[in-house]
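Chemist: File name final.csv; file contents CSV, C-alpha atoms; full text below.
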```csv
chain,number,residue,atom,x,y,z
A,451,MET,CA,-31.7,-10.3,29.8
A,452,GLU,CA,-32.0,-11.6,26.3
A,453,ARG,CA,-33.7,-15.0,26.1
A,454,GLN,CA,-31.6,-18.0,25.1
A,455,PRO,CA,-32.7,-19.6,21.8
A,456,LYS,CA,-35.1,-22.5,22.1
A,457,LEU,CA,-34.2,-25.6,20.0
A,458,MET,CA,-36.9,-25.9,17.3
A,459,ASP,CA,-36.1,-29.4,16.2
A,460,PHE,CA,-38.4,-32.2,14.9
A,461,SER,CA,-39.8,-33.0,18.3
A,462,ARG,CA,-40.6,-29.4,19.2
A,463,ILE,CA,-42.3,-28.6,15.9
A,464,HIS,CA,-44.3,-31.9,16.1
A,465,ASP,CA,-45.5,-31.0,19.6
A,466,ILE,CA,-46.6,-27.5,18.4
A,467,LEU,CA,-48.4,-28.5,15.3
A,468,GLU,CA,-49.8,-31.9,16.3
A,469,PRO,CA,-53.0,-30.5,18.0
A,470,HIS,CA,-53.8,-28.6,14.8
A,471,TYR,CA,-52.8,-31.4,12.4
A,472,GLU,CA,-56.3,-32.2,11.1
A,473,HIS,CA,-56.8,-28.5,10.1
A,474,LEU,CA,-53.2,-28.2,8.7
A,475,ARG,CA,-52.8,-31.6,7.1
A,476,GLU,CA,-53.0,-30.1,3.6
A,477,HIS,CA,-50.1,-27.8,4.4
A,478,ILE,CA,-47.7,-30.0,6.3
A,479,TYR,CA,-46.0,-33.4,6.2
A,480,PHE,CA,-43.8,-34.7,9.0
A,481,SER,CA,-41.8,-37.8,9.6
A,482,LYS,CA,-38.8,-38.4,11.9
A,483,GLU,CA,-36.5,-37.9,8.8
A,484,LEU,CA,-38.0,-34.9,7.0
A,485,GLY,CA,-40.8,-32.3,7.1
A,486,ILE,CA,-42.4,-30.4,4.3
A,487,LEU,CA,-44.4,-27.2,4.7
A,488,HIS,CA,-46.6,-25.6,2.2
A,489,GLY,CA,-47.5,-22.9,4.6
A,490,ASP,CA,-50.3,-20.6,5.2
A,491,ARG,CA,-49.9,-17.8,7.8
A,492,GLN,CA,-51.4,-19.9,10.6
A,493,VAL,CA,-48.4,-22.2,10.7
A,494,PHE,CA,-46.0,-19.3,11.2
A,495,GLY,CA,-48.3,-17.8,13.9
A,496,LEU,CA,-48.2,-21.1,15.8
A,497,ILE,CA,-44.4,-21.1,15.7
A,498,VAL,CA,-44.0,-17.4,16.6
A,499,GLN,CA,-46.3,-17.9,19.7
A,500,GLN,CA,-43.5,-20.0,21.2
A,501,ARG,CA,-41.5,-16.8,21.8
A,502,PRO,CA,-38.3,-16.6,19.7
A,503,PRO,CA,-35.4,-16.7,19.3
A,504,PHE,CA,-35.2,-20.2,18.0
A,505,ALA,CA,-32.2,-22.4,17.1
A,506,ILE,CA,-32.1,-25.3,14.6
A,507,ASP,CA,-29.8,-28.3,14.3
A,508,ASP,CA,-30.8,-29.5,10.9
A,509,HIS,CA,-30.9,-28.4,7.2
A,510,ARG,CA,-33.8,-26.4,5.9
A,511,PHE,CA,-34.6,-25.2,2.4
A,512,GLY,CA,-37.4,-22.7,1.6
A,513,ILE,CA,-38.8,-20.9,-1.4
A,514,ILE,CA,-40.9,-17.8,-0.8
A,515,LEU,CA,-44.0,-18.0,-3.0
A,516,ARG,CA,-45.8,-14.9,-1.9
A,517,GLY,CA,-45.5,-12.0,0.5
A,518,GLN,CA,-42.5,-11.0,2.5
A,519,ALA,CA,-41.0,-11.2,6.0
A,520,ARG,CA,-38.3,-9.5,8.1
A,521,ILE,CA,-36.3,-12.1,10.0
A,522,ASN,CA,-33.1,-12.0,12.1
A,523,PHE,CA,-30.9,-14.8,11.0
A,524,ASN,CA,-27.7,-15.3,13.1
A,525,LEU,CA,-27.9,-11.8,14.5
A,526,VAL,CA,-28.3,-10.1,11.1
A,527,GLU,CA,-31.7,-8.7,10.1
A,528,LYS,CA,-32.8,-9.8,6.6
A,529,GLN,CA,-35.8,-9.3,4.4
A,530,VAL,CA,-37.1,-12.3,2.4
A,531,GLU,CA,-39.7,-11.9,-0.3
A,532,ALA,CA,-41.4,-13.6,-3.1
A,533,GLY,CA,-39.0,-15.1,-5.6
A,534,MET,CA,-36.3,-15.9,-3.1
A,535,LEU,CA,-34.7,-19.2,-2.1
A,536,VAL,CA,-33.6,-19.5,1.5
A,537,PHE,CA,-31.2,-22.0,3.2
A,538,LEU,CA,-30.8,-22.4,7.0
A,539,GLY,CA,-28.2,-24.7,8.3
A,540,PRO,CA,-27.4,-26.3,11.7
A,541,GLY,CA,-26.6,-23.8,14.4
A,542,THR,CA,-28.8,-21.0,12.8
A,543,ILE,CA,-30.5,-18.7,15.3
A,544,ILE,CA,-33.8,-17.3,14.0
A,545,THR,CA,-35.9,-14.4,15.3
A,546,PRO,CA,-39.0,-13.6,13.3
A,547,ILE,CA,-39.7,-9.9,13.3
A,548,SER,CA,-42.7,-9.4,11.0
A,549,PHE,CA,-44.4,-11.1,8.1
A,550,SER,CA,-47.1,-10.0,5.7
A,551,ASP,CA,-50.6,-11.4,5.7
A,552,ASP,CA,-50.1,-13.1,2.4
A,553,LEU,CA,-46.8,-14.8,3.3
A,554,GLU,CA,-46.6,-18.3,1.7
A,555,ILE,CA,-43.5,-20.5,2.0
A,556,PHE,CA,-42.9,-23.9,0.4
A,557,GLY,CA,-40.1,-25.5,2.3
A,558,MET,CA,-38.4,-28.7,3.5
A,559,ALA,CA,-36.5,-29.7,6.6
A,560,LEU,CA,-34.0,-32.5,6.7
A,561,PHE,CA,-34.0,-33.6,10.3
A,562,ASN,CA,-30.9,-35.2,11.9
A,563,SER,CA,-32.1,-38.8,11.3
A,564,PHE,CA,-32.4,-38.2,7.5
A,565,PRO,CA,-29.6,-40.1,5.7
A,566,MET,CA,-27.8,-37.4,3.8
A,567,PRO,CA,-27.2,-38.4,0.1
A,568,PHE,CA,-23.5,-37.5,0.3
A,569,ALA,CA,-20.5,-39.4,1.7
A,570,SER,CA,-18.5,-37.8,4.5
A,571,GLY,CA,-16.6,-34.8,3.1
A,572,MET,CA,-18.5,-34.8,-0.1
A,573,MET,CA,-21.3,-32.3,0.7
A,574,PRO,CA,-21.7,-29.5,-1.8
A,575,SER,CA,-19.6,-26.5,-0.6
A,576,ALA,CA,-22.6,-24.3,0.4
A,577,PHE,CA,-23.5,-26.9,3.1
A,578,SER,CA,-20.0,-27.7,4.4
A,579,GLY,CA,-20.8,-25.8,7.6
A,580,GLN,CA,-18.9,-22.6,6.9
A,581,VAL,CA,-22.1,-20.9,5.8
A,582,ARG,CA,-25.0,-21.0,8.3
A,583,ASP,CA,-27.6,-19.3,6.1
A,584,PHE,CA,-28.1,-17.6,2.8
A,585,GLN,CA,-30.9,-16.0,0.8
A,586,LEU,CA,-30.9,-15.9,-3.0
A,587,LYS,CA,-32.9,-13.7,-5.4
A,588,VAL,CA,-32.9,-15.9,-8.5
A,589,GLU,CA,-34.3,-16.0,-12.0
A,590,GLU,CA,-37.8,-17.4,-12.4
A,591,ALA,CA,-36.6,-20.6,-14.1
A,592,ASP,CA,-34.2,-21.4,-11.2
A,593,PHE,CA,-37.0,-20.6,-8.7
A,594,ASP,CA,-39.4,-22.9,-10.5
A,595,THR,CA,-36.8,-25.7,-10.6
A,596,ALA,CA,-36.5,-25.6,-6.8
A,597,ARG,CA,-40.3,-25.5,-6.4
A,598,ARG,CA,-40.8,-28.5,-8.7
A,599,ILE,CA,-38.1,-30.6,-6.9
A,600,ILE,CA,-39.7,-30.0,-3.5
A,601,GLU,CA,-43.2,-30.6,-4.9
A,602,THR,CA,-42.0,-33.9,-6.4
A,603,ILE,CA,-40.5,-35.0,-3.1
A,604,ARG,CA,-43.8,-34.1,-1.3
A,605,GLN,CA,-45.8,-36.1,-3.8
A,606,LEU,CA,-43.6,-39.1,-3.2
A,607,VAL,CA,-43.4,-39.1,0.6
A,608,ILE,CA,-47.1,-38.9,1.1
A,609,GLN,CA,-47.4,-42.3,-0.5
A,610,PRO,CA,-47.5,-45.2,2.0
A,611,ASP,CA,-44.4,-47.0,0.6
A,612,TYR,CA,-42.4,-44.4,-1.2
A,613,ASN,CA,-39.0,-45.2,-2.8
A,614,ARG,CA,-36.4,-43.8,-0.4
A,615,GLN,CA,-33.7,-43.9,-3.0
A,616,THR,CA,-35.7,-41.7,-5.3
A,617,VAL,CA,-36.3,-39.2,-2.5
A,618,SER,CA,-32.6,-39.3,-1.6
A,619,SER,CA,-31.7,-38.5,-5.2
A,620,LEU,CA,-34.1,-35.7,-5.4
A,621,VAL,CA,-32.8,-34.2,-2.1
A,622,ALA,CA,-29.3,-34.4,-3.6
A,623,ALA,CA,-30.5,-32.6,-6.8
A,624,LEU,CA,-32.1,-29.9,-4.7
A,625,MET,CA,-28.9,-29.4,-2.7
A,626,HIS,CA,-26.8,-29.2,-5.9
A,627,HIS,CA,-29.3,-26.7,-7.3
A,628,TYR,CA,-29.0,-24.4,-4.2
A,629,ASP,CA,-25.3,-24.9,-4.1
A,630,GLY,CA,-24.8,-23.9,-7.7
A,631,LEU,CA,-27.0,-20.8,-7.3
A,632,TYR,CA,-25.2,-19.8,-4.1
A,633,ARG,CA,-21.8,-20.1,-5.8
A,634,GLN,CA,-23.0,-18.0,-8.7
A,635,GLN,CA,-24.1,-15.3,-6.3
A,636,THR,CA,-20.8,-15.4,-4.4
A,637,GLU,CA,-18.8,-15.2,-7.7
A,638,ARG,CA,-20.9,-12.2,-8.8
A,639,GLN,CA,-20.4,-10.4,-5.5
A,640,GLN,CA,-16.6,-11.1,-5.6
A,641,ALA,CA,-16.5,-9.8,-9.2
A,642,SER,CA,-18.4,-6.8,-8.2
A,643,LEU,CA,-16.1,-6.1,-5.3
A,644,SER,CA,-13.1,-6.6,-7.5
A,645,ARG,CA,-14.4,-4.1,-10.1
A,646,GLU,CA,-15.2,-1.6,-7.3
A,647,GLN,CA,-11.6,-1.9,-6.0
A,648,THR,CA,-10.2,-1.5,-9.5
A,649,ILE,CA,-12.2,1.6,-10.1
A,650,PHE,CA,-11.3,3.0,-6.6
A,651,ASP,CA,-7.6,2.4,-7.2
A,652,ARG,CA,-7.7,4.0,-10.6
A,653,PHE,CA,-9.6,7.0,-9.2
A,654,ILE,CA,-7.0,7.6,-6.4
A,655,TYR,CA,-4.1,7.3,-8.9
A,656,LEU,CA,-5.7,10.0,-11.2
A,657,VAL,CA,-6.5,12.3,-8.2
A,658,ASN,CA,-2.9,12.2,-7.0
A,659,GLN,CA,-1.7,12.8,-10.6
A,660,HIS,CA,-4.1,15.7,-11.5
A,661,VAL,CA,-5.5,17.3,-8.4
A,662,ALA,CA,-3.2,20.3,-8.7
A,663,ARG,CA,-5.3,21.4,-11.7
A,664,GLU,CA,-8.5,19.4,-11.6
A,665,HIS,CA,-10.7,19.8,-8.5
A,666,GLN,CA,-14.0,18.4,-9.8
A,667,ILE,CA,-15.3,14.8,-10.0
A,668,SER,CA,-16.5,15.5,-13.6
A,669,PHE,CA,-12.9,15.4,-14.8
A,670,TYR,CA,-12.1,12.1,-13.2
A,671,ALA,CA,-15.4,10.5,-14.4
A,672,ALA,CA,-14.7,11.6,-17.9
A,673,LYS,CA,-11.1,10.2,-17.7
A,674,MET,CA,-12.5,6.8,-16.6
A,675,CYS,CA,-15.4,6.9,-19.1
A,676,LEU,CA,-18.0,6.7,-16.3
A,677,THR,CA,-20.9,8.9,-15.3
A,678,GLU,CA,-20.3,11.2,-12.3
A,679,ARG,CA,-23.1,9.5,-10.4
A,680,TYR,CA,-21.8,6.0,-11.0
A,681,LEU,CA,-18.2,6.9,-10.0
A,682,GLY,CA,-19.4,8.7,-6.9
A,683,THR,CA,-21.5,5.6,-5.9
A,684,ILE,CA,-18.6,3.2,-6.5
A,685,ILE,CA,-16.1,5.3,-4.5
A,686,ARG,CA,-18.4,5.6,-1.6
A,687,GLN,CA,-19.2,1.9,-1.6
A,688,ALA,CA,-15.6,1.0,-1.8
A,689,SER,CA,-14.2,3.4,0.8
A,690,GLY,CA,-17.0,4.8,2.8
A,691,VAL,CA,-15.8,8.3,1.8
A,692,THR,CA,-17.2,10.4,-1.1
A,693,ALA,CA,-15.2,11.1,-4.2
A,694,LYS,CA,-15.3,14.9,-3.4
A,695,GLU,CA,-13.8,14.2,0.0
A,696,TRP,CA,-10.9,12.2,-1.6
A,697,ILE,CA,-10.3,15.1,-4.0
A,698,ASP,CA,-10.3,17.6,-1.1
A,699,ARG,CA,-8.0,15.5,1.0
A,700,ALA,CA,-5.5,15.2,-1.9
A,701,LEU,CA,-5.8,18.9,-2.7
A,702,VAL,CA,-5.3,20.0,1.0
A,703,THR,CA,-2.2,17.8,1.2
A,704,ARG,CA,-0.8,19.4,-1.9
A,705,ILE,CA,-1.5,22.9,-0.4
A,706,LYS,CA,0.2,22.0,2.9
A,707,VAL,CA,3.3,20.8,1.1
A,708,GLU,CA,3.4,24.1,-0.9
A,709,LEU,CA,2.9,26.2,2.2
A,710,LYS,CA,5.5,24.4,4.3
A,711,HIS,CA,8.2,23.6,1.7
A,712,SER,CA,8.2,26.4,-0.8
A,713,ASP,CA,8.8,30.2,-0.8
A,714,LYS,CA,5.6,30.9,-2.7
A,715,THR,CA,3.1,33.4,-1.3
A,716,VAL,CA,-0.5,32.4,-0.6
A,717,ALA,CA,-1.6,34.3,-3.7
A,718,GLN,CA,1.0,32.4,-5.9
A,719,ILE,CA,-0.1,29.0,-4.5
A,720,SER,CA,-3.8,29.9,-5.1
A,721,ASP,CA,-2.9,30.9,-8.7
A,722,ASP,CA,-0.8,27.7,-9.3
A,723,LEU,CA,-3.6,25.5,-8.1
A,724,LEU,CA,-6.2,27.3,-10.3
A,725,PHE,CA,-8.4,28.7,-7.5
A,726,PRO,CA,-10.5,31.7,-8.6
A,727,ASN,CA,-8.8,34.1,-6.2
A,728,PRO,CA,-6.8,34.1,-3.0
A,729,SER,CA,-9.9,34.9,-0.9
A,730,PHE,CA,-11.7,31.8,-2.1
A,731,PHE,CA,-8.5,29.8,-1.7
A,732,SER,CA,-8.2,30.9,1.9
A,733,LYS,CA,-11.8,30.2,2.8
A,734,TYR,CA,-11.5,26.7,1.2
A,735,PHE,CA,-8.4,25.8,3.2
A,736,LYS,CA,-9.8,27.1,6.5
A,737,ARG,CA,-13.1,25.2,6.0
A,738,LEU,CA,-11.2,21.9,5.7
A,739,THR,CA,-8.4,22.5,8.2
A,740,GLY,CA,-9.7,25.0,10.7
A,741,MET,CA,-7.0,27.6,10.0
A,742,THR,CA,-6.0,30.0,7.2
A,743,PRO,CA,-3.1,29.3,4.8
A,744,LEU,CA,-1.0,31.9,6.5
A,745,GLU,CA,-1.7,30.5,10.0
A,746,PHE,CA,-0.7,27.1,8.8
A,747,LYS,CA,2.4,28.4,7.1
A,748,MET,CA,3.5,30.2,10.3
A,749,GLN,CA,3.0,27.2,12.5
A,750,GLU,CA,6.1,25.5,13.9
```
Would you write out, as structure tokens, the structure that this file holds?
Modeler:
Amino acid sequence: MERQPKLMDFSRIHDILEPHYEHLREHIYFSKELGILHGDRQVFGLIVQQRPPFAIDDHRFGIILRGQARINFNLVEKQVEAGMLVFLGPGTIITPISFSDDLEIFGMALFNSFPMPFASGMMPSAFSGQVRDFQLKVEEADFDTARRIIETIRQLVIQPDYNRQTVSSLVAALMHHYDGLYRQQTERQQASLSREQTIFDRFIYLVNQHVAREHQISFYAAKMCLTERYLGTIIRQASGVTAKEWIDRALVTRIKVELKHSDKTVAQISDDLLFPNPSFFSKYFKRLTGMTPLEFKMQE
């Protein structure tokens, strides 16, 4: 039976790391409100020894400085690697799978007692609760901005009497930064999907219009001013079916209509549809339907 996720909250993390605090003090900061990790591999090893999966009930922000890891977030396996920003929200279930020896993460956890810097209903959209986790591959400048904000927070909170309002403002800045990058990624993905759908719709229209005389993807790619490879990739991504299969489906449909609803001979249909010869035409049709044109024509 699959193990139930263990809650990995402030108290649990504190209990795990407290015996090792003197050795790890350069890498971790903990209070009841927030925790900051500038991690070496030993920290991850101590956590993983607790036998995942883990669940969290707080907000966590990470930047991957070095190395890579494969982690299951909310039942979906992801790879995180150097140059990525990571967000994990309340309710996230985490199962570490593997991580490289050089993995280094700089991250921050806002525990439940942390006073969020936003009024109720005013949280940035990425943290409204609809998205439990996301991973962002970002430009170097955006990556460095996140790193500098967390580093500044760390420098403040290690002081005996730090200014809480300043820390709160920096947390708000970090959340706005993540939110803006998340929305940019979402908009790019939506634009990409929209473009894929537009290309797919245009392709199907052209196939239906020209398939009687044009059986090759090269014709449709040229019509759309795209390379064959790019068009093939987009059609497969958009539909799960290759461009050649769509052409074959449309052509077979056209052949079936001719066989059933015209008085043309097989040879005439083969000639009208620009096949090299009736023999090739018959083999093509049988390969795709399991019967010869004549057998199909004679069916009730």
Chemist: Residues near region 560-566 of chain A, anyone? I mean within 12 Å using only C-alpha atoms, not counting same-chain ones fewer than 5 positions away, as a PDB file with C-alpha atoms, keeping the file's coordinate frame.
Modeler:
```pdb
ATOM      1  CA  MET A 458     -36.900 -25.900  17.300  1.00  0.00           C
ATOM      2  CA  ASP A 459     -36.100 -29.400  16.200  1.00  0.00           C
ATOM      3  CA  PHE A 460     -38.400 -32.200  14.900  1.00  0.00           C
ATOM      4  CA  SER A 461     -39.800 -33.000  18.300  1.00  0.00           C
ATOM      5  CA  ARG A 462     -40.600 -29.400  19.200  1.00  0.00           C
ATOM      6  CA  ILE A 463     -42.300 -28.600  15.900  1.00  0.00           C
ATOM      7  CA  HIS A 464     -44.300 -31.900  16.100  1.00  0.00           C
ATOM      8  CA  PHE A 480     -43.800 -34.700   9.000  1.00  0.00           C
ATOM      9  CA  SER A 481     -41.800 -37.800   9.600  1.00  0.00           C
ATOM     10  CA  LYS A 482     -38.800 -38.400  11.900  1.00  0.00           C
ATOM     11  CA  GLU A 483     -36.500 -37.900   8.800  1.00  0.00           C
ATOM     12  CA  LEU A 484     -38.000 -34.900   7.000  1.00  0.00           C
ATOM     13  CA  GLY A 485     -40.800 -32.300   7.100  1.00  0.00           C
ATOM     14  CA  ILE A 486     -42.400 -30.400   4.300  1.00  0.00           C
ATOM     15  CA  LEU A 487     -44.400 -27.200   4.700  1.00  0.00           C
ATOM     16  CA  ILE A 506     -32.100 -25.300  14.600  1.00  0.00           C
ATOM     17  CA  ASP A 507     -29.800 -28.300  14.300  1.00  0.00           C
ATOM     18  CA  ASP A 508     -30.800 -29.500  10.900  1.00  0.00           C
ATOM     19  CA  HIS A 509     -30.900 -28.400   7.200  1.00  0.00           C
ATOM     20  CA  ARG A 510     -33.800 -26.400   5.900  1.00  0.00           C
ATOM     21  CA  PHE A 511     -34.600 -25.200   2.400  1.00  0.00           C
ATOM     22  CA  GLY A 512     -37.400 -22.700   1.600  1.00  0.00           C
ATOM     23  CA  PHE A 537     -31.200 -22.000   3.200  1.00  0.00           C
ATOM     24  CA  LEU A 538     -30.800 -22.400   7.000  1.00  0.00           C
ATOM     25  CA  GLY A 539     -28.200 -24.700   8.300  1.00  0.00           C
ATOM     26  CA  PRO A 540     -27.400 -26.300  11.700  1.00  0.00           C
ATOM     27  CA  GLY A 571     -16.600 -34.800   3.100  1.00  0.00           C
ATOM     28  CA  MET A 572     -18.500 -34.800  -0.100  1.00  0.00           C
ATOM     29  CA  MET A 573     -21.300 -32.300   0.700  1.00  0.00           C
ATOM     30  CA  PRO A 574     -21.700 -29.500  -1.800  1.00  0.00           C
ATOM     31  CA  PHE A 577     -23.500 -26.900   3.100  1.00  0.00           C
ATOM     32  CA  ILE A 600     -39.700 -30.000  -3.500  1.00  0.00           C
ATOM     33  CA  ARG A 614     -36.400 -43.800  -0.400  1.00  0.00           C
ATOM     34  CA  GLN A 615     -33.700 -43.900  -3.000  1.00  0.00           C
ATOM     35  CA  VAL A 617     -36.300 -39.200  -2.500  1.00  0.00           C
ATOM     36  CA  SER A 618     -32.600 -39.300  -1.600  1.00  0.00           C
ATOM     37  CA  SER A 619     -31.700 -38.500  -5.200  1.00  0.00           C
ATOM     38  CA  LEU A 620     -34.100 -35.700  -5.400  1.00  0.00           C
ATOM     39  CA  VAL A 621     -32.800 -34.200  -2.100  1.00  0.00           C
ATOM     40  CA  ALA A 622     -29.300 -34.400  -3.600  1.00  0.00           C
ATOM     41  CA  ALA A 623     -30.500 -32.600  -6.800  1.00  0.00           C
ATOM     42  CA  LEU A 624     -32.100 -29.900  -4.700  1.00  0.00           C
ATOM     43  CA  MET A 625     -28.900 -29.400  -2.700  1.00  0.00           C
TER      44      MET A 625
END
```
Chemist: Point out the residue among A:Lys714, A:Val702, A:Ser575, A:Arg516 with the least atom-to-atom distance to Arg737 (chain A), counting only C-alpha atoms.
Modeler: A:Val702
Chemist: Please provide as JSON, numbers by chain all residues within 7 Å of region 661-668 of chain A, with the sequence filter that same-chain residues fewer than 5 positions apart are discarded (counting only C-alpha atoms).
Modeler: {"A": [678, 693, 694, 697, 700, 701, 723, 724]}
Chemist: Region 675-748 of chain A near region 648-660 of chain A within 12 Å: what's each residue's closest atom pair and its distance in Å to one decimal, counting all atoms listed in the file, ordered by chain then ascending residue number, as a tab-separated table?
Modeler:
```
residue	atom	partner	partner_atom	distance
A:Cys675	CA	A:Ile649	CA	10.9
A:Leu676	CA	A:Ile649	CA	9.9
A:Glu678	CA	A:Phe653	CA	11.9
A:Tyr680	CA	A:Ile649	CA	10.6
A:Leu681	CA	A:Ile649	CA	8.0
A:Gly682	CA	A:Phe650	CA	9.9
A:Thr683	CA	A:Phe650	CA	10.5
A:Ile684	CA	A:Phe650	CA	7.3
A:Ile685	CA	A:Phe650	CA	5.7
A:Arg686	CA	A:Phe650	CA	9.1
A:Gln687	CA	A:Phe650	CA	9.4
A:Ala688	CA	A:Phe650	CA	6.7
A:Ser689	CA	A:Phe650	CA	8.0
A:Gly690	CA	A:Phe650	CA	11.1
A:Val691	CA	A:Phe650	CA	10.9
A:Thr692	CA	A:Phe650	CA	10.9
A:Ala693	CA	A:Phe653	CA	8.6
A:Lys694	CA	A:Val657	CA	10.4
A:Glu695	CA	A:Val657	CA	11.1
A:Trp696	CA	A:Ile654	CA	7.7
A:Ile697	CA	A:Val657	CA	6.3
A:Asp698	CA	A:Val657	CA	9.6
A:Arg699	CA	A:Val657	CA	9.9
A:Ala700	CA	A:Asn658	CA	6.5
A:Leu701	CA	A:Asn658	CA	8.5
A:Val702	CA	A:Asn658	CA	11.4
A:Thr703	CA	A:Asn658	CA	10.0
A:Arg704	CA	A:Asn658	CA	9.1
A:Leu723	CA	A:His660	CA	10.4
A:Leu724	CA	A:His660	CA	11.8
```
Chemist: Quick one: distance from CA of Thr616 (chain A) to CA of Glu601 (chain A) in Å, one decimal?
Modeler: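 Computed distance, CA of Thr616 (chain A) to CA of Glu601 (chain A), equals 13.4 Å.
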